[in-house]
Amino acid sequence: MTDRQTAPETVEESRLTAVLLTVAALGWASAMLWSARATITSRADAIMEVTSTAYALPGAVSACLAAGAAVALLALTLISGRRPLGATTRFAVATGAGLLVGLAAAATMITINTAGSMYAIVGGTVAAAATIGGALAGLRMPAVVAGATAASVGVFLIGFVLNLFQEPVLEIFGAGDTESSANAAQWFSYSQAALSGLAAGLIAYMMVRRVRRRTGGDLRWPMYALAGAGPGILLVVAELLSRTAGAQVLELAGKVSELEQAVQQMLSTARLNNGLIVLFAGTLTALFAVGRSMTPADDEDETEDTTAPDSPAAAPSSASD
């Protein structure tokens with residue numbers, strides 16, 4: 001039996017994979033933070049600045065979660081290549097790497113305006129997100145962490161591309177008057193979440209499947225399911241962080257007007273539903289992919305059993321006189 005140290009799920013990722021994931025995740029986080037900062041600082045009045053911050057917070061939080069996990073995975077890969085790490089040291093290194101990413105992300109937001117508390121709250125929220133992402137990467141499942149991180153970046157890219165073509169897609173869904181536009185937007189959101197979950201499951205499956213080629217052993221199916229669920233878990237955690245650590249920012253935006261409060265509540269519910277759909281769709285897709293890759297057991301064992309020397313069927317028949 002394979003012991004814990006050589007189990008396939010504990011094998012570290014290659015340096016190239018860790019570097020590519022880090023570049024992609026940091027690029028995503030940088031783009032979200034830069035976009036948020038640019039949007040916020042371009043507002044002429046305080047009210048628009050507050051609402052813009054509330055809109056930008058969840059996206060920045062989810063990106064920082066992935067970035068913290070990717071950087072922590074890279075740090076663990078580089079250090080483990082020189083000497084093995086115990087569970088406590090591994091967790092400390094991963095959490096520390098995520099914290100460094102969080103501090104850099106927090107500085108981007110806090111320096112917008114150091115006079116008030118709003119941007120300090122935003123900075124603290126994104127710092128907490130990156131630290132949590134790093135801590136999660138400390139789990140001794142490098143392939144699962146890599147698969148979930150890669151799938152999260154894939155979900156972001158799909159959302160980015162679909163939003164570029166949002167208007168023609170909404171027209172396909174029948175957008176017209178106010179009611180039909182609302183229905184079309186809802187269908188667009190559900191379709192985006194389902195497509196993102198499908199992509200998440202496939203990307204996670206392909207990333208985790210690489211362990212089989214590298215080690216000759218395969219991971220158990222729950223590991224595939226966990227990797228496929230990773231992007232959805234990230235989105236749900238990001239929403240929970242936005243509602244808790246960043247609650248004051250969302251509440252402040254809701255006080256602008258009753259309409260803005262209703263919009264914030266609607267968006268918050270939509271983000272949570274989106275995350276749950278991605279979670280379940282990603283999990284099921286990864287499981288279906290694992291099932292499709294399974295081949296029926298060869299009949300050789302059964303043949304060998306029926307033709308064993310001590311079986312009656314295998315005994316030579318007596319020659320009749």
# chains A, B, ... in the order shown; residues from 1 in each chain; ligands from 1

call {"tool": "select_by_dssp", "arguments": {"residues": "stretch 60-305 of chain A", "states": "helix (DSSP H, G or I)", "output": "VMD selection string"}}
result
chain A and resid 60 to 80 87 to 110 118 to 137 142 to 164 166 to 172 178 to 215 221 to 244 247 to 254 258 to 293 300 to 305

call {"tool": "atom_distance", "arguments": {"atom1": "atom CA of A:Ala227", "atom2": "atom CA of A:Ala105"}}
result
25.4 Å

call {"tool": "residues_around", "arguments": {"residues": "A:Val144", "least_positions_apart": "6", "cutoff": "9 Å", "atoms": "only C-alpha atoms", "output": "MDAnalysis selection string"}}
result
chainID A and resid 9 204 207:208 223:224 226:228 230

call {"tool": "write_last_selection", "arguments": {"atoms": "C-alpha atoms", "output": "PDB file, in the first residue's frame"}}
result
ATOM      1  CA  GLU A   9      -2.386  13.462  -3.776  1.00  0.00           C
ATOM      2  CA  ALA A 204      -9.887  20.821 -12.746  1.00  0.00           C
ATOM      3  CA  MET A 207      -5.107  19.388 -14.039  1.00  0.00           C
ATOM      4  CA  VAL A 208      -5.608  16.639 -11.462  1.00  0.00           C
ATOM      5  CA  MET A 223     -10.201  14.692  -4.980  1.00  0.00           C
ATOM      6  CA  TYR A 224     -11.467  15.349  -8.497  1.00  0.00           C
ATOM      7  CA  LEU A 226     -13.074  18.830  -4.628  1.00  0.00           C
ATOM      8  CA  ALA A 227     -10.956  20.378  -7.368  1.00  0.00           C
ATOM      9  CA  GLY A 228     -14.023  20.861  -9.571  1.00  0.00           C
ATOM     10  CA  GLY A 230     -12.936  24.769  -5.936  1.00  0.00           C
TER      11      GLY A 230
END

call {"tool": "atom_distance", "arguments": {"atom1": "atom CA of A:Leu73", "atom2": "atom CA of A:Ala128"}}
result
17.3 Å
